[in-house]
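Data first, discussion second: the structure below is written as structure tokens.
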Amino acid sequence: MKLYRCAIVIIGASGDLAKRKLIPALDALYKSGKINGDCLVVGAGRTPFSTEKFREHFDVSPEFKEYLFYHQYIPGLKEFLRSRGDFSRVVFFFSLPPLAYSHTARELVAEGFGSESSIIIEKPFGCDFESARALNAELTSYFSESQIFRIDHYLAKEAVQNIMVFRFANQIFSPVWNSRYVESIQISALERSRIDQRGQYFDRAGIVRDMVQNHLLQLLCLITMEPPVSLAADDVKQQKVSVLRSMKIEEYRPYQYEGYRNENGVDPASRTETFAELKLSINNRRWATTPVYIRCGKAVHRTSTKIGVRFHPLPQILFNRNGTIPPNQIIFKIQPAEGIVIDISSKVPGTDEQITQSHMNFCYRDTFKNASPEAYQRLLYDALRGDHTLFVSAAETENAWLLLREILDRRDPQVYTPGKLPESKLGVNWIDFDKYSGLCS
Ligand code: BG6
């Protein structure tokens with residue numbers, strides 16, 4: 001019989017995530033040769049499957065099916081694995097409701113899994129600072145921090161990983177990346193879809209817990225953190241935590257779309273926010289006078305995530321005597337149509353002084369013909385290699401919750417019409433992000 005050396009165990013493997021994302025991602029990793037035949041994939045959970053039935057459950061290549069096994073429940077799992085190999089690495093993916101995280105970790109330790117194992121968990125990591133801290137304390141009583149991989153799937157997006165490369169692998173932007181040159185930083189994360197079938201979860205969470213606490217604060221950290229000492233995961237995380245600790249919420253405006261209270265699973269008197277605007281300050285030497293604006297939410301006119309870095313206006317001299325030249329802007333297009341656009345002023349040909357705005361435009365799909373790998377492929381592969389770079393530390397989640405503490409339960413939303421952006425109450429001159437949407441081929 002073949003003996004394996006590493007194992008990926010999906011706990012809760014009969015669920016939707018395993019079928020839609022995890023097993024297809026593992027299939028793709030096998031096909032690409034990233035994980036070789038040394039690694040087996042075990043589904044575990046309460047559902048009574050045989051290995052044969054488990055294999056039939058997925059639409060994956062016949063060769064990959066040979067690596068799939070199923071074991072019901074956690075008790076007996078150690079022996080089940082021992083009979084199939086000698087494992088130097090076992091990775092458990094918790095495809096489970098967060099309430100089940102601690103007792104599942106406890107069960108794994110009771111079953112005899114130790115330093116050879118890691119666990120991968122998904123958000124929400126708590127619902128506020130106290131609950132996140134309690135969850136982290138419980139998990140770290142069973143596994144050390146280096147064995148815990150907390151997923152923020154935004155970090156697996158190529159355009160997000162490229163933010164650090166843009167900042168630290170290019171010399172020309174480095175001197176201007178501070179309050180002296182940058183007038184504001186603006187993050188806009190919009191979704192057309194409503195809350196779909198997730199009413200029960202969303203109504204307890206709201207958009208600040210769902211998107212801002214994790215994905216959008218991660219984006220902001222990458223844009224504003226100091227250069228790390230090295231690219232090692234711990235050094236990068238240390239800088240993210242430092243900048244998070246310098247942030248302060250200055251203003252907050254919650255909104256709720258009309259009809260939200262009639263959605264499935266939503267309290268008919270709900271005051272949960274489905275859209276939010278925030279103004280933050282970053283109280284360190286680099287950013288002290290540059291405001292940060294974040295807006296994000298559901299049921300608006302388009303799906304698009306972009307970050308804008310707007311520079312100070314030119315002085316009113318030379319070509320800008322009338323003060324009509326707009327400031328330079330750098331737009332990071334996170335999705336869809338990933339890319340970076342830099343707005344610059346140019347002379348209109350045939351005129352003496354007429355200035356127009358043009359774009360320097362970098363599009364992923366024009367430059368790199370290969371599609372970016374799906375997020376779970378990258379994350380599973382990294383967890384298997386023990387690389388923490390694209391995962392979130394306990395300190396990052398706790399500090400993000402701490403930052404939002406005062407606004408989390410301030411629930412007095414203004415109503416907006418679905419399919420439209422709520423009228424901004426933040427008094428900010430938002431960048432016209434839509435104008436950058438169609439610039440790729
Ligand atoms: C999830 C949120 O974490 O991210 C969802 O729970 C949101 O509400 C989703 O829709 C957005 O992810 P993406 O990759 O589609 O931008």
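Chain labels run A, B, ... following the order of the structure tokens; each chain numbers its residues from 1, and ligands are numbered from 1 in the order shown.
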
Please return as a PDB file with N, CA and C atoms, in the first residue's frame the residues found within 7 Å of ligand 1, counting only C-alpha atoms and all ligand atoms.
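As written to disk, out.pdb reads:
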```pdb
ATOM      1  N   HIS A 153      -9.383  36.009   2.802  1.00  0.00           N
ATOM      2  CA  HIS A 153      -9.189  35.646   1.389  1.00  0.00           C
ATOM      3  C   HIS A 153      -8.760  36.844   0.532  1.00  0.00           C
ATOM      4  N   TYR A 154      -8.907  38.082   1.039  1.00  0.00           N
ATOM      5  CA  TYR A 154      -8.429  39.229   0.267  1.00  0.00           C
ATOM      6  C   TYR A 154      -6.912  39.183   0.092  1.00  0.00           C
ATOM      7  N   ASP A 210     -18.434  42.462   8.796  1.00  0.00           N
ATOM      8  CA  ASP A 210     -18.304  41.537   7.666  1.00  0.00           C
ATOM      9  C   ASP A 210     -17.131  41.892   6.741  1.00  0.00           C
ATOM     10  N   MET A 211     -16.896  43.165   6.514  1.00  0.00           N
ATOM     11  CA  MET A 211     -15.903  43.572   5.500  1.00  0.00           C
ATOM     12  C   MET A 211     -14.804  44.479   6.038  1.00  0.00           C
TER      13      MET A 211
END
```

Non-local contacts of A:Trp287 (9 Å; only C-alpha atoms; under 2 positions in same chain excluded) as a compact mmCIF listing (two decimals) with all heavy atoms, in the first residue's frame:
```txt
# COMPACT_ATOMS: atom_id res chain seq x y z
N TRP A 177 5.16 59.00 -0.51
CA TRP A 177 4.16 58.19 0.20
C TRP A 177 4.00 58.67 1.65
O TRP A 177 4.32 57.99 2.61
CB TRP A 177 4.61 56.72 0.16
CG TRP A 177 3.46 55.77 -0.02
CD1 TRP A 177 2.97 54.89 0.91
CD2 TRP A 177 2.66 55.59 -1.18
NE1 TRP A 177 1.90 54.20 0.39
CE2 TRP A 177 1.70 54.62 -0.90
CE3 TRP A 177 2.64 56.19 -2.46
CZ2 TRP A 177 0.74 54.20 -1.82
CZ3 TRP A 177 1.69 55.77 -3.37
CH2 TRP A 177 0.76 54.80 -3.05
N ASN A 178 3.49 59.87 1.81
CA ASN A 178 3.34 60.44 3.15
C ASN A 178 2.41 61.66 3.08
O ASN A 178 2.03 62.09 1.99
CB ASN A 178 4.71 60.83 3.71
CG ASN A 178 5.45 61.71 2.74
OD1 ASN A 178 4.92 62.72 2.27
ND2 ASN A 178 6.68 61.32 2.38
N SER A 179 2.11 62.20 4.25
CA SER A 179 1.16 63.33 4.34
C SER A 179 1.60 64.56 3.57
O SER A 179 0.79 65.39 3.17
CB SER A 179 0.98 63.76 5.79
OG SER A 179 0.20 62.85 6.48
N ARG A 180 2.88 64.73 3.41
CA ARG A 180 3.34 65.92 2.72
C ARG A 180 2.81 65.95 1.27
O ARG A 180 2.51 66.99 0.72
CB ARG A 180 4.87 65.93 2.72
CG ARG A 180 5.44 67.08 1.99
CD ARG A 180 6.83 67.44 2.43
NE ARG A 180 7.20 68.63 1.71
CZ ARG A 180 8.40 68.86 1.24
NH1 ARG A 180 9.37 68.00 1.48
NH2 ARG A 180 8.65 69.95 0.57
N VAL A 182 0.45 63.25 0.02
CA VAL A 182 -0.84 62.58 -0.18
C VAL A 182 -1.93 63.32 0.57
O VAL A 182 -1.86 63.51 1.79
CB VAL A 182 -0.77 61.10 0.28
CG1 VAL A 182 -2.13 60.44 0.17
CG2 VAL A 182 0.27 60.33 -0.54
N THR A 224 -0.49 51.58 3.97
CA THR A 224 0.08 52.62 4.85
C THR A 224 1.21 52.15 5.76
O THR A 224 1.85 52.98 6.40
CB THR A 224 -1.03 53.21 5.75
OG1 THR A 224 -1.63 52.14 6.51
CG2 THR A 224 -2.08 53.93 4.95
N SER A 281 -8.07 58.50 10.99
CA SER A 281 -6.77 59.17 10.95
C SER A 281 -5.71 58.14 11.31
O SER A 281 -6.01 57.12 11.94
CB SER A 281 -6.73 60.32 11.96
OG SER A 281 -7.02 59.81 13.25
N ILE A 282 -4.50 58.40 10.87
CA ILE A 282 -3.39 57.51 11.21
C ILE A 282 -2.36 58.37 11.92
O ILE A 282 -1.72 59.24 11.31
CB ILE A 282 -2.77 56.85 9.96
CG1 ILE A 282 -3.86 56.11 9.18
CG2 ILE A 282 -1.65 55.90 10.36
CD1 ILE A 282 -3.36 55.45 7.91
N ASN A 283 -2.25 58.16 13.22
CA ASN A 283 -1.49 59.10 14.03
C ASN A 283 -0.04 58.69 14.17
O ASN A 283 0.42 58.33 15.26
CB ASN A 283 -2.20 59.27 15.36
CG ASN A 283 -3.60 59.81 15.11
OD1 ASN A 283 -3.76 60.93 14.64
ND2 ASN A 283 -4.60 58.98 15.32
N ASN A 284 0.66 58.74 13.06
CA ASN A 284 2.11 58.52 13.09
C ASN A 284 2.79 59.57 12.22
O ASN A 284 2.12 60.39 11.58
CB ASN A 284 2.47 57.07 12.68
CG ASN A 284 2.08 56.75 11.24
OD1 ASN A 284 1.86 57.65 10.42
ND2 ASN A 284 1.99 55.47 10.93
N ARG A 285 4.11 59.58 12.22
CA ARG A 285 4.84 60.63 11.51
C ARG A 285 4.53 60.68 10.02
O ARG A 285 4.47 61.73 9.40
CB ARG A 285 6.36 60.43 11.68
CG ARG A 285 6.89 60.81 13.02
CD ARG A 285 6.81 62.32 13.24
NE ARG A 285 7.72 63.07 12.39
CZ ARG A 285 8.92 63.47 12.75
NH1 ARG A 285 9.36 63.20 13.95
NH2 ARG A 285 9.69 64.13 11.92
N THR A 289 -1.47 63.88 8.90
CA THR A 289 -2.47 64.83 8.39
C THR A 289 -3.18 64.34 7.12
O THR A 289 -3.81 65.13 6.42
CB THR A 289 -1.81 66.21 8.11
OG1 THR A 289 -0.75 65.99 7.16
CG2 THR A 289 -1.25 66.82 9.38
N THR A 290 -3.08 63.06 6.85
CA THR A 290 -3.79 62.52 5.67
C THR A 290 -5.01 61.73 6.13
O THR A 290 -4.87 60.69 6.76
CB THR A 290 -2.86 61.56 4.87
OG1 THR A 290 -1.71 62.27 4.45
CG2 THR A 290 -3.58 60.98 3.66
N PRO A 291 -6.22 62.19 5.83
CA PRO A 291 -7.39 61.40 6.23
C PRO A 291 -7.56 60.16 5.35
O PRO A 291 -7.15 60.16 4.18
CB PRO A 291 -8.56 62.36 6.01
CG PRO A 291 -8.07 63.35 5.01
CD PRO A 291 -6.57 63.44 5.16
```

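Among the candidates A:Ile151, A:Ile163, A:Ala337, A:Ile249, the one nearest to A:Lys279 when counting only C-alpha atoms is A:Ile249.
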
Apply DSSP to the backbone of this structure and, from stretch 38-253 of chain A, keep only the residues in strand (DSSP E); write these as a PyMOL selection string. chain A and resi 39-45+68-72+85-94+117-122+148-151+182-190+247-253

List the neighbours of stretch 67-77 of chain A out to 9 Å using only C-alpha atoms; skip same-chain residues closer than 2 positions along the sequence, and give me the result as number ranges by chain. A: 11, 13, 37, 39-55, 63-65, 79-82, 104, 107-108, 110-111

Contacts of A:Ala276 at 10 Å (only C-alpha atoms; same-chain gap of 4+ positions) as a ChimeraX atom specification: /A:206-208,212,252-256,294-298,413-414,422,424

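Between atom CA of A:Pro373 and atom CA of A:Ile8 there is a distance of 19.3 Å.
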